[in-house]
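> The file below is protein_10.txt, compact mmCIF, C-alpha atoms:
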# COMPACT_ATOMS: atom_id res chain seq x y z
CA MET A 26 -99.86 -22.14 211.65
CA SER A 27 -96.81 -23.74 213.11
CA ASP A 28 -94.85 -26.88 212.49
CA LEU A 29 -95.09 -30.18 214.29
CA PRO A 30 -92.07 -30.05 216.69
CA PHE A 31 -93.21 -26.68 217.99
CA ILE A 32 -96.70 -28.00 218.78
CA LEU A 33 -95.28 -31.14 220.41
CA PHE A 34 -92.87 -29.15 222.57
CA SER A 35 -95.64 -26.74 223.53
CA LEU A 36 -97.94 -29.58 224.63
CA VAL A 37 -95.14 -31.19 226.64
CA ALA A 38 -94.28 -27.85 228.25
CA ALA A 39 -97.87 -27.06 229.26
CA CYS A 40 -98.48 -30.57 230.67
CA ALA A 41 -95.15 -30.55 232.53
CA ALA A 42 -95.95 -27.14 234.06
CA ILE A 43 -99.30 -28.41 235.35
CA MET A 44 -97.61 -31.54 236.73
CA VAL A 45 -94.98 -29.42 238.53
CA VAL A 46 -97.67 -27.37 240.23
CA THR A 47 -99.74 -30.36 241.37
CA ARG A 48 -97.11 -32.83 242.64
CA ALA A 49 -96.91 -33.64 246.34
CA VAL A 50 -93.31 -34.92 246.37
CA PRO A 51 -90.74 -32.18 245.60
CA VAL A 52 -88.40 -34.51 243.69
CA HIS A 53 -91.19 -35.48 241.26
CA ALA A 54 -91.99 -31.81 240.70
CA LEU A 55 -88.30 -31.18 240.10
CA LEU A 56 -88.10 -33.87 237.42
CA TYR A 57 -91.15 -32.46 235.65
CA LEU A 58 -89.54 -29.02 235.87
CA VAL A 59 -86.46 -30.40 234.07
CA VAL A 60 -88.78 -31.79 231.36
CA LEU A 61 -90.40 -28.35 231.07
CA LEU A 62 -87.02 -26.64 230.70
CA LEU A 63 -85.83 -29.09 228.04
CA SER A 64 -89.00 -28.66 226.01
CA LEU A 65 -88.65 -24.87 226.34
CA ALA A 66 -85.13 -25.24 224.93
CA GLY A 67 -86.67 -27.04 221.95
CA ILE A 68 -89.16 -24.20 221.53
CA PHE A 69 -86.34 -21.65 221.59
CA GLN A 70 -84.56 -23.64 218.89
CA ALA A 71 -87.74 -23.70 216.81
CA LEU A 72 -88.13 -19.95 217.25
CA GLY A 73 -84.67 -19.36 215.79
CA ALA A 74 -82.68 -18.75 218.98
CA PRO A 75 -80.11 -21.57 219.22
CA PHE A 76 -77.89 -19.69 221.67
CA ALA A 77 -80.77 -19.25 224.11
CA ALA A 78 -81.69 -22.93 223.70
CA MET A 79 -78.18 -24.05 224.60
CA LEU A 80 -78.04 -21.69 227.59
CA GLU A 81 -81.44 -22.95 228.74
CA ILE A 82 -80.11 -26.52 228.79
CA ILE A 83 -76.69 -25.76 230.25
CA ILE A 84 -77.54 -23.17 232.89
CA TYR A 85 -81.21 -23.78 233.73
CA ALA A 86 -81.57 -27.54 233.34
CA GLY A 87 -77.97 -28.05 234.38
CA ALA A 88 -76.84 -25.64 237.07
CA VAL A 89 -80.02 -24.28 238.64
CA MET A 90 -81.76 -27.66 238.73
CA VAL A 91 -78.69 -29.26 240.32
CA LEU A 92 -78.94 -26.57 243.00
CA PHE A 93 -82.57 -27.56 243.60
CA VAL A 94 -81.73 -31.28 243.71
CA PHE A 95 -78.95 -30.55 246.18
CA VAL A 96 -81.30 -28.64 248.49
CA VAL A 97 -83.94 -31.39 248.27
CA MET A 98 -81.26 -33.91 249.25
CA MET A 99 -80.14 -31.81 252.20
CA LEU A 100 -83.71 -31.31 253.44
CA ASN A 101 -84.16 -35.08 253.67
CA LEU A 102 -87.96 -35.06 253.27
CA GLY A 103 -89.82 -38.21 254.25
CA ARG A 104 -93.21 -39.82 254.35
CA THR A 105 -94.60 -37.40 256.97
CA ASP A 106 -93.80 -34.43 254.73
CA ARG A 107 -95.57 -36.08 251.83
CA ASP A 108 -98.67 -36.75 253.93
CA ARG A 109 -98.67 -33.17 255.21
CA GLU A 110 -98.32 -31.94 251.64
CA ARG A 111 -101.33 -34.04 250.58
CA HIS A 112 -103.26 -32.54 253.50
CA TRP A 113 -102.34 -29.03 252.35
CA MET A 114 -103.42 -29.80 248.79
CA ALA A 115 -107.10 -30.39 249.66
CA PRO A 116 -109.37 -29.67 246.67
CA GLY A 117 -110.97 -26.62 248.25
CA ILE A 118 -107.64 -24.80 248.36
CA TRP A 119 -107.33 -24.76 244.58
CA ILE A 120 -110.59 -22.90 243.82
CA GLY A 121 -109.54 -19.32 244.51
CA PRO A 122 -106.08 -19.47 242.88
CA ALA A 123 -107.52 -21.35 239.87
CA ILE A 124 -110.14 -18.63 239.34
CA LEU A 125 -107.48 -15.92 239.58
CA SER A 126 -105.14 -17.73 237.17
CA CYS A 127 -107.96 -18.32 234.67
CA LEU A 128 -108.85 -14.63 234.84
CA LEU A 129 -105.23 -13.70 234.13
CA LEU A 130 -105.04 -16.21 231.28
CA ALA A 131 -108.27 -14.88 229.75
CA ALA A 132 -107.01 -11.31 229.96
CA LEU A 133 -103.71 -12.27 228.32
CA CYS A 134 -105.49 -14.20 225.55
CA ILE A 135 -107.80 -11.26 224.81
CA THR A 136 -104.77 -8.98 224.63
CA LEU A 137 -103.01 -11.41 222.28
CA ARG A 138 -106.06 -11.58 220.04
CA ALA A 139 -106.04 -7.81 219.72
CA LEU A 140 -102.40 -7.89 218.63
CA PRO A 141 -101.86 -6.88 215.00
CA PRO A 142 -100.43 -9.64 212.80
CA ALA A 143 -96.80 -9.58 211.82
CA ALA A 144 -96.36 -6.95 209.14
CA GLY A 145 -92.93 -8.03 208.01
CA PRO A 146 -91.92 -11.17 206.13
CA ASP A 147 -93.37 -14.30 207.71
CA THR A 148 -90.11 -16.24 207.75
CA LEU A 149 -88.18 -16.84 210.95
CA VAL A 150 -84.54 -15.84 210.82
CA SER A 151 -82.18 -17.80 213.07
CA ILE A 152 -80.21 -15.37 215.22
CA GLY A 153 -76.95 -17.02 216.14
CA PRO A 154 -74.54 -16.47 219.02
CA GLN A 155 -72.44 -14.01 217.01
CA ALA A 156 -75.24 -11.50 216.58
CA VAL A 157 -76.19 -11.86 220.26
CA GLY A 158 -72.58 -11.36 221.36
CA ILE A 159 -72.12 -8.27 219.20
CA MET A 160 -75.35 -6.85 220.62
CA LEU A 161 -74.39 -7.82 224.17
CA TYR A 162 -70.95 -6.23 224.15
CA GLY A 163 -71.97 -3.29 221.98
CA PRO A 164 -74.98 -1.25 223.07
CA TYR A 165 -75.91 -3.50 225.99
CA VAL A 166 -72.57 -3.69 227.81
CA LEU A 167 -74.10 -1.85 230.78
CA SER A 168 -76.61 -4.65 231.26
CA VAL A 169 -73.72 -7.15 231.35
CA GLU A 170 -72.27 -5.11 234.21
CA LEU A 171 -75.67 -5.06 235.90
CA ALA A 172 -75.92 -8.85 235.58
CA SER A 173 -72.49 -9.24 237.16
CA PHE A 174 -73.54 -6.92 240.01
CA LEU A 175 -76.69 -8.99 240.47
CA LEU A 176 -74.80 -12.27 240.56
CA LEU A 177 -72.25 -10.84 243.01
CA ALA A 178 -75.07 -9.60 245.26
CA GLY A 179 -76.72 -13.03 245.09
CA LEU A 180 -73.42 -14.70 245.96
CA VAL A 181 -72.76 -12.42 248.93
CA SER A 182 -76.28 -12.70 250.32
CA ALA A 183 -76.39 -16.49 249.89
CA PHE A 184 -73.07 -16.71 251.74
CA HIS A 185 -74.36 -14.39 254.46
CA ILE A 186 -77.63 -16.28 254.90
CA GLY A 187 -75.99 -19.69 254.79
CA ARG A 188 -73.12 -18.98 257.18
CA ASN A 189 -72.77 -21.16 260.23
CA ILE A 190 -73.90 -19.07 263.19
CA ARG A 191 -73.30 -21.80 265.74
CA GLY A 192 -69.72 -22.08 264.52
CA THR A 193 -69.05 -18.36 265.02
CA VAL A 194 -70.59 -18.36 268.49
CA THR A 195 -68.68 -21.30 269.87
CA GLY A 196 -65.80 -21.34 267.41
CA GLU A 197 -62.24 -20.13 267.64
CA ALA A 198 -62.99 -16.57 266.54
CA MET B 3 -93.60 -26.95 206.39
CA SER B 4 -94.42 -23.60 207.83
CA THR B 5 -92.61 -21.84 210.64
CA PRO B 6 -93.87 -21.39 214.20
CA SER B 7 -95.51 -18.04 214.70
CA PRO B 8 -94.44 -15.81 217.60
CA THR B 9 -98.09 -15.26 218.55
CA GLU B 10 -98.50 -18.93 219.43
CA ALA B 11 -95.30 -18.75 221.48
CA LEU B 12 -96.80 -15.78 223.33
CA LEU B 13 -99.93 -17.85 223.96
CA LEU B 14 -97.82 -20.64 225.42
CA ALA B 15 -95.96 -18.06 227.53
CA SER B 16 -99.26 -16.82 228.99
CA ILE B 17 -100.36 -20.39 229.75
CA LEU B 18 -97.07 -21.08 231.54
CA PHE B 19 -97.28 -17.81 233.45
CA ALA B 20 -100.85 -18.57 234.62
CA THR B 21 -99.76 -22.05 235.72
CA GLY B 22 -96.85 -20.63 237.67
CA LEU B 23 -99.14 -18.08 239.30
CA LEU B 24 -101.51 -20.90 240.29
CA GLY B 25 -98.60 -22.72 241.90
CA VAL B 26 -97.40 -19.68 243.84
CA LEU B 27 -100.92 -18.92 245.10
CA ALA B 28 -102.08 -22.45 245.94
CA ARG B 29 -99.01 -24.22 247.30
CA ARG B 30 -97.74 -23.77 250.86
CA ASN B 31 -94.44 -25.57 250.39
CA LEU B 32 -91.60 -23.06 249.99
CA LEU B 33 -89.69 -25.31 247.61
CA LEU B 34 -92.70 -25.72 245.30
CA MET B 35 -93.31 -21.97 245.42
CA LEU B 36 -89.74 -21.36 244.24
CA MET B 37 -90.26 -23.84 241.40
CA SER B 38 -93.45 -22.04 240.38
CA ILE B 39 -91.53 -18.76 240.34
CA GLU B 40 -89.02 -20.44 238.03
CA ILE B 41 -91.91 -21.39 235.71
CA MET B 42 -93.08 -17.76 235.66
CA LEU B 43 -89.56 -16.51 234.90
CA ASN B 44 -89.33 -19.02 232.07
CA ALA B 45 -92.63 -17.76 230.67
CA ALA B 46 -91.23 -14.22 230.67
CA ALA B 47 -88.08 -15.47 228.93
CA LEU B 48 -90.19 -17.22 226.30
CA ALA B 49 -92.10 -13.99 225.71
CA PHE B 50 -88.81 -12.15 225.17
CA ILE B 51 -87.55 -14.80 222.74
CA ALA B 52 -90.85 -14.73 220.84
CA ALA B 53 -90.71 -10.95 220.58
CA GLY B 54 -87.13 -11.17 219.33
CA ALA B 55 -88.22 -13.71 216.70
CA ARG B 56 -91.14 -11.48 215.73
CA TRP B 57 -88.93 -8.43 215.10
CA HIS B 58 -85.87 -10.37 213.81
CA ALA B 59 -83.78 -8.74 216.55
CA ALA B 60 -81.10 -10.07 218.90
CA GLN B 61 -82.29 -7.94 221.80
CA GLY B 62 -84.71 -10.67 222.86
CA GLN B 63 -81.85 -13.05 223.56
CA VAL B 64 -79.95 -10.30 225.40
CA MET B 65 -82.94 -9.90 227.71
CA PHE B 66 -83.08 -13.70 228.01
CA LEU B 67 -79.55 -13.59 229.40
CA MET B 68 -80.66 -10.98 231.94
CA ILE B 69 -83.54 -13.23 233.03
CA LEU B 70 -81.14 -16.16 233.26
CA SER B 71 -78.82 -14.33 235.67
CA LEU B 72 -81.83 -13.05 237.63
CA ALA B 73 -83.18 -16.60 237.99
CA ALA B 74 -79.79 -17.92 239.08
CA ALA B 75 -79.43 -15.24 241.77
CA GLU B 76 -83.03 -15.73 242.91
CA ALA B 77 -82.66 -19.51 243.17
CA ALA B 78 -79.41 -19.18 245.13
CA VAL B 79 -80.82 -16.73 247.67
CA GLY B 80 -84.19 -18.52 247.99
CA LEU B 81 -82.62 -21.92 248.49
CA ALA B 82 -80.19 -20.49 251.04
CA ILE B 83 -83.16 -19.09 252.97
CA ILE B 84 -84.91 -22.48 252.81
CA LEU B 85 -81.81 -24.25 254.11
CA ARG B 86 -81.51 -21.68 256.88
CA LEU B 87 -85.15 -22.18 257.91
CA HIS B 88 -84.60 -25.93 257.94
CA ALA B 89 -81.40 -25.62 259.96
CA ALA B 90 -83.22 -23.44 262.50
CA GLY B 91 -85.16 -26.51 263.56
CA ARG B 92 -88.38 -26.05 261.61
CA PRO B 93 -89.78 -29.46 260.76
CA THR B 94 -91.87 -28.30 257.78
CA LEU B 95 -91.40 -26.13 254.73
CA ASP B 96 -94.60 -24.19 255.43
CA ALA B 97 -94.33 -20.66 254.09
CA ASP B 98 -96.62 -19.36 256.84
CA THR B 99 -94.05 -19.98 259.57
CA GLY B 100 -91.29 -17.93 258.00
CA ASN B 101 -91.77 -15.14 260.56
CA ARG B 102 -89.68 -17.10 263.07
CA LEU B 103 -86.55 -16.40 261.05
CA LYS B 104 -84.01 -14.18 262.85
CA GLY B 105 -80.90 -12.31 261.70
As structure tokens, how would this structure be written, given the file I've shared?

Amino acid sequence: MSDLPFILFSLVAACAAIMVVTRAVPVHALLYLVVLLLSLAGIFQALGAPFAAMLEIIIYAGAVMVLFVFVVMMLNLGRTDRDRERHWMAPGIWIGPAILSCLLLAALCITLRALPPAAGPDTLVSIGPQAVGIMLYGPYVLSVELASFLLLAGLVSAFHIGRNIRGTVTGEA
Amino acid sequence: MSTPSPTEALLLASILFATGLLGVLARRNLLLMLMSIEIMLNAAALAFIAAGARWHAAQGQVMFLMILSLAAAEAAVGLAIILRLHAAGRPTLDADTGNRLKG
């Protein structure tokens, strides 16, 4: 059995995830997503991964969510979008996806039940940033390079997609 | 006070993943679909962290860093595509009309 903060964070995370999926206004969904990420950071801390918890807050809840907020601001959604969204979210639409998700959840739960219990000592050891850094720049240095390649590719493609075509057609070039 | 068990964290990860899958399947708004994908990526990250806690290994957090960079790249490219669709004069964020994108 687990301790109280873990259970609280888990409940908050599950409720926030359901709220994200069912909101009609994107900004509300975004705020619930921030709540979900913060509670996940608490869960990481409870699981003995403080470095991952800090990164979850700084990068996910900080940088990525600011990116989402920025895009929502630029899209300038109004009342008509909200009404259209409500129209799209008619109750009949949810039946098929809900059945599929419940099937997946049942399969995952059955698999988890078949998992053997932890054979080692039952105590959680906190793995700090030093151990992660030694592991990251020791045997896993190739994956650091891969991550940098991935981020560079994302940067280049975002720049390519977001370039101003009208400016290049009628511009000075 | 006992410690949280990694099996319960894996259970929470499966719940989050199923919720994210429900969002991707049921919603038609591109922005909400991207958010649901973020939920699914976070569920995978939680599974990695739980496995790392189960085996007392730092590799779980290394894989968490990989998922973090993957999510950042995915959000950047997806949001750029959404902005491009919106700038092309589409009034809605309907995912079904994405075939009008050119270039």
> From the options B:Ala77, B:Leu67, B:Ala45, B:Ala97, which residue's atoms come nearest to Ala28 of chain B, counting all atoms listed in the file?
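The answer is B:Ala97, which sits nearest to Ala28 of chain B.
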> Where does chain B meet chain A within 8 Å, residue by residue, with the nearest atom pair and distance in Å to one decimal for each, counting all atoms listed in the file, listed by chain and rising number, as JSON lines?

{"residue": "B:Met3", "atom": "CA", "partner": "A:Asp28", "partner_atom": "CA", "distance": 6.2}
{"residue": "B:Ser4", "atom": "CA", "partner": "A:Asp28", "partner_atom": "CA", "distance": 5.7}
{"residue": "B:Thr5", "atom": "CA", "partner": "A:Ser27", "partner_atom": "CA", "distance": 5.2}
{"residue": "B:Pro6", "atom": "CA", "partner": "A:Ser27", "partner_atom": "CA", "distance": 3.9}
{"residue": "B:Ser7", "atom": "CA", "partner": "A:Ser27", "partner_atom": "CA", "distance": 6.1}
{"residue": "B:Pro8", "atom": "CA", "partner": "A:Leu72", "partner_atom": "CA", "distance": 7.6}
{"residue": "B:Thr9", "atom": "CA", "partner": "A:Leu137", "partner_atom": "CA", "distance": 7.3}
{"residue": "B:Leu12", "atom": "CA", "partner": "A:Leu137", "partner_atom": "CA", "distance": 7.7}
{"residue": "B:Leu13", "atom": "CA", "partner": "A:Cys134", "partner_atom": "CA", "distance": 6.8}
{"residue": "B:Leu14", "atom": "CA", "partner": "A:Ser35", "partner_atom": "CA", "distance": 6.7}
{"residue": "B:Ser16", "atom": "CA", "partner": "A:Leu130", "partner_atom": "CA", "distance": 6.2}
{"residue": "B:Ile17", "atom": "CA", "partner": "A:Leu130", "partner_atom": "CA", "distance": 6.5}
{"residue": "B:Leu18", "atom": "CA", "partner": "A:Ala39", "partner_atom": "CA", "distance": 6.4}
{"residue": "B:Ala20", "atom": "CA", "partner": "A:Ser126", "partner_atom": "CA", "distance": 5.1}
{"residue": "B:Thr21", "atom": "CA", "partner": "A:Ile43", "partner_atom": "CA", "distance": 6.4}
{"residue": "B:Gly22", "atom": "CA", "partner": "A:Val46", "partner_atom": "CA", "distance": 7.3}
{"residue": "B:Leu23", "atom": "CA", "partner": "A:Ser126", "partner_atom": "CA", "distance": 6.4}
{"residue": "B:Leu24", "atom": "CA", "partner": "A:Pro122", "partner_atom": "CA", "distance": 5.4}
{"residue": "B:Gly25", "atom": "CA", "partner": "A:Val46", "partner_atom": "CA", "distance": 5.0}
{"residue": "B:Leu27", "atom": "CA", "partner": "A:Pro122", "partner_atom": "CA", "distance": 5.6}
{"residue": "B:Ala28", "atom": "CA", "partner": "A:Pro122", "partner_atom": "CA", "distance": 5.9}
{"residue": "B:Arg29", "atom": "CA", "partner": "A:Met114", "partner_atom": "CA", "distance": 7.3}
{"residue": "B:Arg30", "atom": "CA", "partner": "A:Trp113", "partner_atom": "CA", "distance": 7.1}
{"residue": "B:Asn31", "atom": "CA", "partner": "A:Glu110", "partner_atom": "CA", "distance": 7.6}
{"residue": "B:Leu33", "atom": "CA", "partner": "A:Pro51", "partner_atom": "CA", "distance": 7.2}
{"residue": "B:Leu34", "atom": "CA", "partner": "A:Pro51", "partner_atom": "CA", "distance": 6.8}
{"residue": "B:Met37", "atom": "CA", "partner": "A:Leu58", "partner_atom": "CA", "distance": 7.6}
{"residue": "B:Ser38", "atom": "CA", "partner": "A:Val46", "partner_atom": "CA", "distance": 6.8}
{"residue": "B:Ile41", "atom": "CA", "partner": "A:Ala42", "partner_atom": "CA", "distance": 7.2}
{"residue": "B:Leu48", "atom": "CA", "partner": "A:Phe69", "partner_atom": "CA", "distance": 7.5}
{"residue": "B:Ile51", "atom": "CA", "partner": "A:Phe69", "partner_atom": "CA", "distance": 7.1}
{"residue": "B:Ala52", "atom": "CA", "partner": "A:Leu72", "partner_atom": "CA", "distance": 6.9}
{"residue": "B:Ala55", "atom": "CA", "partner": "A:Leu72", "partner_atom": "CA", "distance": 6.3}
{"residue": "B:Arg56", "atom": "CA", "partner": "A:Ala143", "partner_atom": "CA", "distance": 7.1}
{"residue": "B:His58", "atom": "CA", "partner": "A:Val150", "partner_atom": "CA", "distance": 6.4}
{"residue": "B:Ala59", "atom": "CA", "partner": "A:Ile152", "partner_atom": "CA", "distance": 7.6}
{"residue": "B:Ala60", "atom": "CA", "partner": "A:Val157", "partner_atom": "CA", "distance": 5.4}
{"residue": "B:Gln61", "atom": "CA", "partner": "A:Met160", "partner_atom": "CA", "distance": 7.1}
{"residue": "B:Gln63", "atom": "CA", "partner": "A:Ala77", "partner_atom": "CA", "distance": 6.3}
{"residue": "B:Val64", "atom": "CA", "partner": "A:Leu161", "partner_atom": "CA", "distance": 6.2}
{"residue": "B:Phe66", "atom": "CA", "partner": "A:Ala77", "partner_atom": "CA", "distance": 7.2}
{"residue": "B:Leu67", "atom": "CA", "partner": "A:Ala77", "partner_atom": "CA", "distance": 7.8}
{"residue": "B:Met68", "atom": "CA", "partner": "A:Ala172", "partner_atom": "CA", "distance": 6.3}
{"residue": "B:Leu70", "atom": "CA", "partner": "A:Tyr85", "partner_atom": "CA", "distance": 7.6}
{"residue": "B:Ser71", "atom": "CA", "partner": "A:Ala172", "partner_atom": "CA", "distance": 6.2}
{"residue": "B:Leu72", "atom": "CA", "partner": "A:Leu175", "partner_atom": "CA", "distance": 7.1}
{"residue": "B:Ala74", "atom": "CA", "partner": "A:Val89", "partner_atom": "CA", "distance": 6.4}
{"residue": "B:Ala75", "atom": "CA", "partner": "A:Gly179", "partner_atom": "CA", "distance": 4.8}
{"residue": "B:Glu76", "atom": "CA", "partner": "A:Gly179", "partner_atom": "CA", "distance": 7.2}
{"residue": "B:Ala77", "atom": "CA", "partner": "A:Val89", "partner_atom": "CA", "distance": 7.1}
{"residue": "B:Ala78", "atom": "CA", "partner": "A:Ala183", "partner_atom": "CA", "distance": 6.2}
{"residue": "B:Val79", "atom": "CA", "partner": "A:Ala183", "partner_atom": "CA", "distance": 5.0}
{"residue": "B:Leu81", "atom": "CA", "partner": "A:Val96", "partner_atom": "CA", "distance": 6.8}
{"residue": "B:Ala82", "atom": "CA", "partner": "A:Ala183", "partner_atom": "CA", "distance": 5.6}
{"residue": "B:Ile83", "atom": "CA", "partner": "A:Ile186", "partner_atom": "CA", "distance": 6.5}
{"residue": "B:Leu85", "atom": "CA", "partner": "A:Val96", "partner_atom": "CA", "distance": 7.1}
{"residue": "B:Arg86", "atom": "CA", "partner": "A:Gly187", "partner_atom": "CA", "distance": 6.2}
{"residue": "B:His88", "atom": "CA", "partner": "A:Leu100", "partner_atom": "CA", "distance": 7.1}
{"residue": "B:Thr94", "atom": "CA", "partner": "A:Asp106", "partner_atom": "CA", "distance": 7.1}
> Generate a file of the selected residues that holds C-alpha atoms, formatted as a compact mmCIF listing (two decimals), in the coordinates of the input.

# COMPACT_ATOMS: atom_id res chain seq x y z
CA MET B 3 -93.60 -26.95 206.39
CA SER B 4 -94.42 -23.60 207.83
CA THR B 5 -92.61 -21.84 210.64
CA PRO B 6 -93.87 -21.39 214.20
CA SER B 7 -95.51 -18.04 214.70
CA PRO B 8 -94.44 -15.81 217.60
CA THR B 9 -98.09 -15.26 218.55
CA LEU B 12 -96.80 -15.78 223.33
CA LEU B 13 -99.93 -17.85 223.96
CA LEU B 14 -97.82 -20.64 225.42
CA SER B 16 -99.26 -16.82 228.99
CA ILE B 17 -100.36 -20.39 229.75
CA LEU B 18 -97.07 -21.08 231.54
CA ALA B 20 -100.85 -18.57 234.62
CA THR B 21 -99.76 -22.05 235.72
CA GLY B 22 -96.85 -20.63 237.67
CA LEU B 23 -99.14 -18.08 239.30
CA LEU B 24 -101.51 -20.90 240.29
CA GLY B 25 -98.60 -22.72 241.90
CA LEU B 27 -100.92 -18.92 245.10
CA ALA B 28 -102.08 -22.45 245.94
CA ARG B 29 -99.01 -24.22 247.30
CA ARG B 30 -97.74 -23.77 250.86
CA ASN B 31 -94.44 -25.57 250.39
CA LEU B 33 -89.69 -25.31 247.61
CA LEU B 34 -92.70 -25.72 245.30
CA MET B 37 -90.26 -23.84 241.40
CA SER B 38 -93.45 -22.04 240.38
CA ILE B 41 -91.91 -21.39 235.71
CA LEU B 48 -90.19 -17.22 226.30
CA ILE B 51 -87.55 -14.80 222.74
CA ALA B 52 -90.85 -14.73 220.84
CA ALA B 55 -88.22 -13.71 216.70
CA ARG B 56 -91.14 -11.48 215.73
CA HIS B 58 -85.87 -10.37 213.81
CA ALA B 59 -83.78 -8.74 216.55
CA ALA B 60 -81.10 -10.07 218.90
CA GLN B 61 -82.29 -7.94 221.80
CA GLN B 63 -81.85 -13.05 223.56
CA VAL B 64 -79.95 -10.30 225.40
CA PHE B 66 -83.08 -13.70 228.01
CA LEU B 67 -79.55 -13.59 229.40
CA MET B 68 -80.66 -10.98 231.94
CA LEU B 70 -81.14 -16.16 233.26
CA SER B 71 -78.82 -14.33 235.67
CA LEU B 72 -81.83 -13.05 237.63
CA ALA B 74 -79.79 -17.92 239.08
CA ALA B 75 -79.43 -15.24 241.77
CA GLU B 76 -83.03 -15.73 242.91
CA ALA B 77 -82.66 -19.51 243.17
CA ALA B 78 -79.41 -19.18 245.13
CA VAL B 79 -80.82 -16.73 247.67
CA LEU B 81 -82.62 -21.92 248.49
CA ALA B 82 -80.19 -20.49 251.04
CA ILE B 83 -83.16 -19.09 252.97
CA LEU B 85 -81.81 -24.25 254.11
CA ARG B 86 -81.51 -21.68 256.88
CA HIS B 88 -84.60 -25.93 257.94
CA THR B 94 -91.87 -28.30 257.78
> Any idea what the distance is between atom CA of Val166 of chain A and atom CA of Ile39 of chain B?
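One can read the atom CA of Val166 of chain A to atom CA of Ile39 of chain B distance as 27.3 Å.
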> Quick one: pull the distance between atom CA of Val94 of chain A and atom CA of Ala15 of chain B, Å, one decimal.
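One can read the atom CA of Val94 of chain A to atom CA of Ala15 of chain B distance as 25.3 Å.
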> May I ask for the distance between atom CA of Gly103 of chain A and atom CA of Leu87 of chain B, given in Å to one decimal place?
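Here the two named atoms are 17.1 Å from each other.
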> So for segment 36-40 of chain B, what box centre and size do we get, axis-aligned, 5 Å extra on each of the six sides, every listed atom, Å to one decimal, as lines of an AutoDock Vina configuration file?

center_x = -91.2
center_y = -21.3
center_z = 241.1
size_x = 14.4
size_y = 15.1
size_z = 16.2
